[in-house]
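The data block below is my_file27.csv; it holds CSV, N, CA and C atoms.
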chain,number,residue,atom,x,y,z
A,12,LYS,N,0.8,-1.2,0.0
A,12,LYS,CA,0.0,0.0,0.0
A,12,LYS,C,0.9,1.3,0.0
A,13,SER,N,2.0,1.2,0.8
A,13,SER,CA,2.8,2.4,0.8
A,13,SER,C,3.5,2.7,-0.5
A,14,LYS,N,3.7,1.7,-1.4
A,14,LYS,CA,4.3,1.9,-2.7
A,14,LYS,C,3.4,2.2,-3.8
A,15,LEU,N,2.1,2.2,-3.5
A,15,LEU,CA,1.1,2.5,-4.5
A,15,LEU,C,1.1,4.0,-4.9
A,16,SER,N,1.1,4.3,-6.2
A,16,SER,CA,1.0,5.6,-6.7
A,16,SER,C,-0.2,6.3,-6.2
A,17,VAL,N,-0.2,7.6,-6.0
A,17,VAL,CA,-1.4,8.4,-5.6
A,17,VAL,C,-2.3,8.5,-6.8
A,18,GLU,N,-1.9,8.0,-7.9
A,18,GLU,CA,-2.8,8.0,-9.1
A,18,GLU,C,-3.9,7.0,-9.0
A,19,TYR,N,-3.8,6.0,-8.0
A,19,TYR,CA,-4.7,5.0,-7.8
A,19,TYR,C,-5.4,5.0,-6.5
A,20,LEU,N,-6.6,4.6,-6.4
A,20,LEU,CA,-7.4,4.5,-5.2
A,20,LEU,C,-7.5,3.0,-4.9
A,21,LEU,N,-7.2,2.6,-3.7
A,21,LEU,CA,-7.2,1.2,-3.2
A,21,LEU,C,-8.4,1.0,-2.3
A,22,THR,N,-9.3,0.1,-2.6
A,22,THR,CA,-10.4,-0.2,-1.7
A,22,THR,C,-9.9,-1.4,-0.9
A,23,GLU,N,-10.2,-1.4,0.4
A,23,GLU,CA,-9.8,-2.5,1.3
A,23,GLU,C,-10.7,-2.6,2.5
A,24,LYS,N,-10.6,-3.8,3.1
A,24,LYS,CA,-11.3,-4.1,4.3
A,24,LYS,C,-10.2,-3.9,5.4
A,25,LYS,N,-10.5,-3.4,6.5
A,25,LYS,CA,-9.5,-3.0,7.5
A,25,LYS,C,-9.0,-4.2,8.4
A,26,ASP,N,-9.8,-5.3,8.5
A,26,ASP,CA,-9.4,-6.4,9.4
A,26,ASP,C,-9.5,-7.7,8.7
A,27,GLY,N,-8.7,-8.7,9.1
A,27,GLY,CA,-8.8,-10.0,8.6
A,27,GLY,C,-8.4,-10.1,7.1
A,28,TYR,N,-8.9,-11.2,6.5
A,28,TYR,CA,-8.6,-11.5,5.1
A,28,TYR,C,-9.5,-10.6,4.2
A,29,PHE,N,-9.0,-10.1,3.1
A,29,PHE,CA,-9.7,-9.2,2.3
A,29,PHE,C,-9.3,-9.3,0.8
A,30,THR,N,-10.2,-8.7,0.0
A,30,THR,CA,-9.9,-8.5,-1.4
A,30,THR,C,-9.8,-7.0,-1.6
A,31,VAL,N,-9.1,-6.6,-2.7
A,31,VAL,CA,-8.9,-5.2,-3.0
A,31,VAL,C,-9.3,-4.9,-4.5
A,32,VAL,N,-9.6,-3.7,-4.8
A,32,VAL,CA,-9.8,-3.2,-6.1
A,32,VAL,C,-9.0,-1.9,-6.3
A,33,LEU,N,-8.3,-1.8,-7.4
A,33,LEU,CA,-7.6,-0.6,-7.7
A,33,LEU,C,-8.3,0.2,-8.7
A,34,LEU,N,-8.5,1.4,-8.5
A,34,LEU,CA,-9.2,2.3,-9.5
A,34,LEU,C,-8.3,3.5,-9.8
A,35,LYS,N,-8.3,3.8,-11.0
A,35,LYS,CA,-7.5,5.0,-11.5
A,35,LYS,C,-8.2,6.2,-11.2
A,36,ARG,N,-7.7,7.1,-10.4
A,36,ARG,CA,-8.4,8.3,-10.0
A,36,ARG,C,-8.8,9.3,-11.1
A,37,SER,N,-7.9,9.3,-12.2
A,37,SER,CA,-8.2,10.2,-13.3
A,37,SER,C,-9.3,9.8,-14.2
A,38,THR,N,-9.7,8.6,-14.1
A,38,THR,CA,-10.8,8.1,-15.0
A,38,THR,C,-12.0,7.6,-14.3
A,39,THR,N,-11.9,7.4,-13.0
A,39,THR,CA,-13.0,6.7,-12.2
A,39,THR,C,-13.4,7.5,-11.0
A,40,ASN,N,-14.7,7.6,-10.8
A,40,ASN,CA,-15.2,8.2,-9.6
A,40,ASN,C,-15.9,7.1,-8.7
A,41,LEU,N,-15.3,6.8,-7.6
A,41,LEU,CA,-15.9,5.8,-6.7
A,41,LEU,C,-17.1,6.3,-6.0
A,42,GLN,N,-18.2,5.6,-6.1
A,42,GLN,CA,-19.5,6.0,-5.5
A,42,GLN,C,-19.6,5.4,-4.1
A,43,ASN,N,-19.4,4.0,-4.1
A,43,ASN,CA,-19.4,3.4,-2.8
A,43,ASN,C,-18.8,2.0,-2.9
A,44,VAL,N,-18.4,1.4,-1.8
A,44,VAL,CA,-17.9,0.1,-1.7
A,44,VAL,C,-18.8,-0.7,-0.7
A,45,LEU,N,-19.2,-1.9,-1.0
A,45,LEU,CA,-20.0,-2.7,-0.2
A,45,LEU,C,-19.2,-4.0,0.0
A,46,VAL,N,-19.0,-4.4,1.2
A,46,VAL,CA,-18.3,-5.7,1.5
A,46,VAL,C,-19.3,-6.6,2.2
A,47,LYS,N,-19.6,-7.7,1.6
A,47,LYS,CA,-20.6,-8.7,2.1
A,47,LYS,C,-19.8,-10.0,2.5
A,48,PRO,N,-19.7,-10.2,3.8
A,48,PRO,CA,-19.0,-11.5,4.2
A,48,PRO,C,-19.9,-12.7,3.8
A,49,PHE,N,-19.2,-13.8,3.4
A,49,PHE,CA,-19.9,-15.0,3.2
A,49,PHE,C,-20.1,-15.7,4.5
A,50,ARG,N,-21.4,-16.0,4.8
A,50,ARG,CA,-21.8,-16.6,6.1
A,50,ARG,C,-21.1,-18.0,6.3
A,51,ASN,N,-20.9,-18.7,5.3
A,51,ASN,CA,-20.4,-20.1,5.4
A,51,ASN,C,-18.9,-20.2,5.2
A,52,SER,N,-18.2,-19.1,5.3
A,52,SER,CA,-16.8,-19.0,5.1
A,52,SER,C,-16.0,-19.2,6.4
A,53,SER,N,-15.2,-20.2,6.4
A,53,SER,CA,-14.3,-20.4,7.6
A,53,SER,C,-13.0,-19.7,7.4
A,54,MET,N,-12.8,-19.1,6.2
A,54,MET,CA,-11.5,-18.4,5.9
A,54,MET,C,-11.8,-16.9,5.8
A,55,CYS,N,-12.9,-16.4,6.3
A,55,CYS,CA,-13.2,-15.0,6.4
A,55,CYS,C,-13.3,-14.4,4.9
A,56,ARG,N,-13.8,-15.1,4.0
A,56,ARG,CA,-13.9,-14.6,2.6
A,56,ARG,C,-15.1,-13.7,2.5
A,57,ASP,N,-15.1,-12.9,1.5
A,57,ASP,CA,-16.2,-11.9,1.3
A,57,ASP,C,-16.4,-11.6,-0.2
A,58,LEU,N,-17.4,-10.8,-0.5
A,58,LEU,CA,-17.7,-10.3,-1.8
A,58,LEU,C,-17.6,-8.8,-1.7
A,59,THR,N,-16.7,-8.2,-2.6
A,59,THR,CA,-16.6,-6.8,-2.6
A,59,THR,C,-17.3,-6.2,-3.8
A,60,ILE,N,-18.2,-5.3,-3.6
A,60,ILE,CA,-19.0,-4.7,-4.7
A,60,ILE,C,-18.6,-3.2,-4.8
A,61,ILE,N,-18.2,-2.8,-6.0
A,61,ILE,CA,-17.8,-1.4,-6.2
A,61,ILE,C,-18.8,-0.8,-7.1
A,62,ASN,N,-19.3,0.3,-6.7
A,62,ASN,CA,-20.2,1.1,-7.5
A,62,ASN,C,-19.5,2.4,-7.9
A,63,ALA,N,-19.3,2.6,-9.2
A,63,ALA,CA,-18.4,3.7,-9.7
A,63,ALA,C,-19.0,4.3,-11.0
A,64,THR,N,-18.4,5.4,-11.3
A,64,THR,CA,-18.8,6.1,-12.6
A,64,THR,C,-17.5,6.5,-13.3
A,65,LEU,N,-17.5,6.3,-14.6
A,65,LEU,CA,-16.3,6.8,-15.4
A,65,LEU,C,-16.5,8.3,-15.6
A,66,GLN,N,-15.4,9.0,-16.1
A,66,GLN,CA,-15.4,10.4,-16.3
A,66,GLN,C,-16.5,10.8,-17.3
A,67,ASN,N,-16.8,9.9,-18.3
A,67,ASN,CA,-17.8,10.2,-19.3
A,67,ASN,C,-19.2,10.0,-18.8
A,68,GLY,N,-19.4,9.6,-17.5
A,68,GLY,CA,-20.8,9.4,-17.0
A,68,GLY,C,-21.3,8.0,-17.0
A,69,ILE,N,-20.6,7.1,-17.6
A,69,ILE,CA,-21.0,5.7,-17.6
A,69,ILE,C,-20.9,5.1,-16.2
A,70,LYS,N,-22.0,4.6,-15.7
A,70,LYS,CA,-22.0,3.9,-14.4
A,70,LYS,C,-21.7,2.4,-14.5
A,71,PHE,N,-21.0,1.9,-13.5
A,71,PHE,CA,-20.7,0.5,-13.6
A,71,PHE,C,-20.5,-0.1,-12.2
A,72,PHE,N,-20.6,-1.4,-12.1
A,72,PHE,CA,-20.3,-2.2,-10.9
A,72,PHE,C,-19.1,-3.1,-11.2
A,73,LEU,N,-18.2,-3.2,-10.2
A,73,LEU,CA,-17.2,-4.3,-10.2
A,73,LEU,C,-17.4,-5.2,-9.0
A,74,ILE,N,-17.3,-6.5,-9.3
A,74,ILE,CA,-17.5,-7.4,-8.2
A,74,ILE,C,-16.2,-8.3,-8.1
A,75,ASN,N,-15.7,-8.4,-6.9
A,75,ASN,CA,-14.4,-9.1,-6.7
A,75,ASN,C,-14.6,-10.0,-5.5
A,76,THR,N,-14.1,-11.2,-5.6
A,76,THR,CA,-14.1,-12.2,-4.5
A,76,THR,C,-12.9,-13.1,-4.5
A,77,HIS,N,-12.6,-13.7,-3.5
A,77,HIS,CA,-11.6,-14.8,-3.4
A,77,HIS,C,-12.3,-15.9,-2.6
A,78,LEU,N,-12.6,-17.0,-3.3
A,78,LEU,CA,-13.4,-18.1,-2.6
A,78,LEU,C,-12.5,-19.0,-1.8
A,79,GLU,N,-13.1,-19.8,-1.0
A,79,GLU,CA,-12.4,-20.8,-0.1
A,79,GLU,C,-11.4,-21.6,-1.0
A,80,SER,N,-10.3,-21.9,-0.4
A,80,SER,CA,-9.2,-22.6,-1.1
A,80,SER,C,-9.1,-24.1,-0.7
A,81,THR,N,-8.5,-24.9,-1.5
A,81,THR,CA,-8.2,-26.3,-1.3
A,81,THR,C,-9.4,-27.2,-1.4
A,82,LYS,N,-9.1,-28.4,-1.6
A,82,LYS,CA,-10.2,-29.5,-1.8
A,82,LYS,C,-11.0,-29.6,-0.5
A,83,ASP,N,-10.5,-29.4,0.6
A,83,ASP,CA,-11.2,-29.5,1.9
A,83,ASP,C,-12.4,-28.5,2.0
A,84,PHE,N,-12.3,-27.5,1.3
A,84,PHE,CA,-13.3,-26.4,1.4
A,84,PHE,C,-14.2,-26.3,0.1
A,85,ALA,N,-14.2,-27.4,-0.7
A,85,ALA,CA,-15.0,-27.4,-1.9
A,85,ALA,C,-16.5,-27.2,-1.6
A,86,GLU,N,-17.0,-27.7,-0.6
A,86,GLU,CA,-18.5,-27.5,-0.2
A,86,GLU,C,-18.9,-26.1,-0.1
A,87,PRO,N,-18.2,-25.3,0.8
A,87,PRO,CA,-18.7,-23.9,0.9
A,87,PRO,C,-18.3,-23.1,-0.4
A,88,ARG,N,-17.3,-23.5,-1.1
A,88,ARG,CA,-16.9,-22.7,-2.3
A,88,ARG,C,-18.0,-22.9,-3.4
Serialized structure, structure tokens:
Amino acid sequence: KSKLSVEYLLTEKKDGYFTVVLLKRSTTNLQNVLVKPFRNSSMCRDLTIINATLQNGIKFFLINTHLESTKDFAEPR
């Protein structure tokens, strides 16, 4: 995070395991970030939903997640 250019906005969760999304400040306006934890996750996984607008006014959503890892966690995945 300390090495990231100020040209980019980093979304993040403050505690535990998390996913991130990088947005270029010059082309994207972040509207909000919603982090929805998976109830059945034993690895603290979540779904990150980004609501943003491009400079030309086009609205969009980005969805990012990292699912449970390994064969032992195939059921919740």
(request) For A:Lys12, list every protein, DNA or RNA residue within 9 Å, evaluated using only C-alpha atoms, and leave out those in the same chain fewer than 3 positions away; present the list as a PyMOL selection string. (result) chain A and resi 15-16+21
For N, CA and C atoms, I'd like the residues from the last selection saved as a PDB file, keeping the file's coordinate frame.
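File written: again.pdb
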ATOM      1  N   LEU A  15       2.100   2.200  -3.500  1.00  0.00           N
ATOM      2  CA  LEU A  15       1.100   2.500  -4.500  1.00  0.00           C
ATOM      3  C   LEU A  15       1.100   4.000  -4.900  1.00  0.00           C
ATOM      4  N   SER A  16       1.100   4.300  -6.200  1.00  0.00           N
ATOM      5  CA  SER A  16       1.000   5.600  -6.700  1.00  0.00           C
ATOM      6  C   SER A  16      -0.200   6.300  -6.200  1.00  0.00           C
ATOM      7  N   LEU A  21      -7.200   2.600  -3.700  1.00  0.00           N
ATOM      8  CA  LEU A  21      -7.200   1.200  -3.200  1.00  0.00           C
ATOM      9  C   LEU A  21      -8.400   1.000  -2.300  1.00  0.00           C
TER      10      LEU A  21
END
(request) Rank A:Leu58, A:Ala63, A:Leu20, A:Ile69 by their smallest atom-to-atom distance to A:Gln42, using only N, CA and C atoms, and report the top residue only. (result)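 Comparing A:Leu58, A:Ala63, A:Leu20, A:Ile69 against A:Gln42, the winner is A:Ala63.
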(message) I'd like the contact shell of A:Leu73 - 5 Å cut-off, all atoms listed in the file, skipping same-chain residues fewer than 2 positions apart - returned as a list in words.
(response)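 My reading of the contact set: Ile60, Ile61, Phe71 and Asn75 of chain A.
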(request) Go through A:Asn43, A:Gln66, A:Ser37, A:Ser53 one by one, measure the shortest atom-to-atom distance of each to A:Glu23 using only C-alpha atoms, and give the residue with the smallest value. (result)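 Among the listed residues, A:Asn43 lies closest to A:Glu23.
In this model, the gap between atom CA of A:Thr30 and atom CA of A:His77 comes to 6.8 Å.
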(request) Quick one: everything within 5 Å of A:Lys35, counting only N, CA and C atoms, minus sequence neighbours fewer than 2 positions away in the same chain. Send it as a PyMOL selection string. (result) chain A and resi 18-20+33+37-39
(message) Just to confirm, what's the straight-line distance from atom CA of A:Glu86 to atom C of A:Thr22 in Å (one decimal)?
(response)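 Spanning atom CA of A:Glu86 to atom C of A:Thr22 is a straight-line distance of 27.5 Å.
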(message) When you look at A:Phe84 with a cut-off of 10 Å (counting only C-alpha atoms), what residues show up, excluding the ones that are within fewer than 4 positions of it in the same chain? I need them as number ranges by chain.
(response) A: 52-54, 78-80, 88
(request) Could you jot down the atom C of A:Arg36 to atom N of A:Thr59 separation for me, Å, one decimal place? (result)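 Separating atom C of A:Arg36 from atom N of A:Thr59 is a distance of 21.0 Å.
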(message) I need the residue nearest A:Val44 from this list: A:Lys70, A:Thr81, A:Arg56, A:Asn62. Use all atoms listed in the file for the distance.
(response)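 The answer is A:Asn62, which sits nearest to A:Val44.
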DSSP strand (DSSP E) residues within chain A, listed as a compact mmCIF listing (two decimals) with N, CA and C atoms, in the frame of the given file:
# COMPACT_ATOMS: atom_id res chain seq x y z
N TYR A 19 -3.80 6.00 -8.00
CA TYR A 19 -4.70 5.00 -7.80
C TYR A 19 -5.40 5.00 -6.50
N LEU A 20 -6.60 4.60 -6.40
CA LEU A 20 -7.40 4.50 -5.20
C LEU A 20 -7.50 3.00 -4.90
N LEU A 21 -7.20 2.60 -3.70
CA LEU A 21 -7.20 1.20 -3.20
C LEU A 21 -8.40 1.00 -2.30
N THR A 22 -9.30 0.10 -2.60
CA THR A 22 -10.40 -0.20 -1.70
C THR A 22 -9.90 -1.40 -0.90
N VAL A 32 -9.60 -3.70 -4.80
CA VAL A 32 -9.80 -3.20 -6.10
C VAL A 32 -9.00 -1.90 -6.30
N LEU A 33 -8.30 -1.80 -7.40
CA LEU A 33 -7.60 -0.60 -7.70
C LEU A 33 -8.30 0.20 -8.70
N LEU A 34 -8.50 1.40 -8.50
CA LEU A 34 -9.20 2.30 -9.50
C LEU A 34 -8.30 3.50 -9.80
N LYS A 35 -8.30 3.80 -11.00
CA LYS A 35 -7.50 5.00 -11.50
C LYS A 35 -8.20 6.20 -11.20
N THR A 39 -11.90 7.40 -13.00
CA THR A 39 -13.00 6.70 -12.20
C THR A 39 -13.40 7.50 -11.00
N ASN A 40 -14.70 7.60 -10.80
CA ASN A 40 -15.20 8.20 -9.60
C ASN A 40 -15.90 7.10 -8.70
N LEU A 41 -15.30 6.80 -7.60
CA LEU A 41 -15.90 5.80 -6.70
C LEU A 41 -17.10 6.30 -6.00
N GLN A 42 -18.20 5.60 -6.10
CA GLN A 42 -19.50 6.00 -5.50
C GLN A 42 -19.60 5.40 -4.10
N ASN A 43 -19.40 4.00 -4.10
CA ASN A 43 -19.40 3.40 -2.80
C ASN A 43 -18.80 2.00 -2.90
N VAL A 44 -18.40 1.40 -1.80
CA VAL A 44 -17.90 0.10 -1.70
C VAL A 44 -18.80 -0.70 -0.70
N LEU A 45 -19.20 -1.90 -1.00
CA LEU A 45 -20.00 -2.70 -0.20
C LEU A 45 -19.20 -4.00 0.00
N VAL A 46 -19.00 -4.40 1.20
CA VAL A 46 -18.30 -5.70 1.50
C VAL A 46 -19.30 -6.60 2.20
N LYS A 47 -19.60 -7.70 1.60
CA LYS A 47 -20.60 -8.70 2.10
C LYS A 47 -19.80 -10.00 2.50
N PRO A 48 -19.70 -10.20 3.80
CA PRO A 48 -19.00 -11.50 4.20
C PRO A 48 -19.90 -12.70 3.80
N ASP A 57 -15.10 -12.90 1.50
CA ASP A 57 -16.20 -11.90 1.30
C ASP A 57 -16.40 -11.60 -0.20
N LEU A 58 -17.40 -10.80 -0.50
CA LEU A 58 -17.70 -10.30 -1.80
C LEU A 58 -17.60 -8.80 -1.70
N THR A 59 -16.70 -8.20 -2.60
CA THR A 59 -16.60 -6.80 -2.60
C THR A 59 -17.30 -6.20 -3.80
N ILE A 60 -18.20 -5.30 -3.60
CA ILE A 60 -19.00 -4.70 -4.70
C ILE A 60 -18.60 -3.20 -4.80
N ILE A 61 -18.20 -2.80 -6.00
CA ILE A 61 -17.80 -1.40 -6.20
C ILE A 61 -18.80 -0.80 -7.10
N ASN A 62 -19.30 0.30 -6.70
CA ASN A 62 -20.20 1.10 -7.50
C ASN A 62 -19.50 2.40 -7.90
N ALA A 63 -19.30 2.60 -9.20
CA ALA A 63 -18.40 3.70 -9.70
C ALA A 63 -19.00 4.30 -11.00
N THR A 64 -18.40 5.40 -11.30
CA THR A 64 -18.80 6.10 -12.60
C THR A 64 -17.50 6.50 -13.30
N LEU A 65 -17.50 6.30 -14.60
CA LEU A 65 -16.30 6.80 -15.40
C LEU A 65 -16.50 8.30 -15.60
N LYS A 70 -22.00 4.60 -15.70
CA LYS A 70 -22.00 3.90 -14.40
C LYS A 70 -21.70 2.40 -14.50
N PHE A 71 -21.00 1.90 -13.50
CA PHE A 71 -20.70 0.50 -13.60
C PHE A 71 -20.50 -0.10 -12.20
N PHE A 72 -20.60 -1.40 -12.10
CA PHE A 72 -20.30 -2.20 -10.90
C PHE A 72 -19.10 -3.10 -11.20
N LEU A 73 -18.20 -3.20 -10.20
CA LEU A 73 -17.20 -4.30 -10.20
C LEU A 73 -17.40 -5.20 -9.00
N ILE A 74 -17.30 -6.50 -9.30
CA ILE A 74 -17.50 -7.40 -8.20
C ILE A 74 -16.20 -8.30 -8.10
N ASN A 75 -15.70 -8.40 -6.90
CA ASN A 75 -14.40 -9.10 -6.70
C ASN A 75 -14.60 -10.00 -5.50
N THR A 76 -14.10 -11.20 -5.60
CA THR A 76 -14.10 -12.20 -4.50
C THR A 76 -12.90 -13.10 -4.50
(request) Check the smallest atom-to-atom distance from each of A:Gly68, A:Thr76, A:Leu34, A:Leu41 to A:Cys55 using only C-alpha atoms, then report the winner. (result)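 Going through A:Gly68, A:Thr76, A:Leu34, A:Leu41 one by one, the smallest distance to A:Cys55 is for A:Thr76.
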